[in-house]
Amino acid sequence: MAPRLQTETFNTTRFTMRALTRSDAVALYGTFSDEAQCRYMSQPHFSSLDGLADWLTDSGWPGRTWVAIDKADGSLAGRYVAFPGRDEGVLELGYITVADRQGHGVATECMSQFEPLRVCRRLITVSYAAMSSISRAA
C-alpha cells in the first residue's frame, strides 16, 4: 500500500478545512444514517455510530478526508474526500454536506478551494448526497 498523503489544513472564508478525526463521526451520523442522504454512495446508510466511525477512519482507504468546521460556531458542516480515481492520473473529489447545512453554499465554498491542491491532470467532483451535478476539469 502506498504511504498516506498528508491532509493539510486550509481555510475558506467561513470554514476551516482540517483532517477528519474519529470523533467527527458524532456530527456526521445524522446525515450518514439517513437512507436518502446516502442513496448514491457505495456504502448504504449507517445504522450505528461505531460502524460509521470505523468506515470514516479505515486505515486501508487510500484517500484523504477533510471536514469543514464553521469558524463562527465550531460546528461541522461537511465531509470532503480526495482519492485516486479509476483512471490513471485522475483524482476524484467527493463531498457530503451535513443535512441541516445543505443549500447554504457550504459545498460551493469549500470545493472551490481544492483547485490549488490538484496534483493530477484531471479532476472529477461528485456530490454523494445530491448527485445534482458532476463537473469535470481537464
# chains A, B, ... in the order shown; residues from 1 in each chain; ligands from 1
call {"tool": "residues_around", "arguments": {"residues": "range 16-27 of chain A", "least_positions_apart": "4", "cutoff": "10 Å", "atoms": "only C-alpha atoms", "output": "PyMOL selection string"}}
result
chain A and resi 6-12+31-32+49-58+64-71+74-81+98+110+113
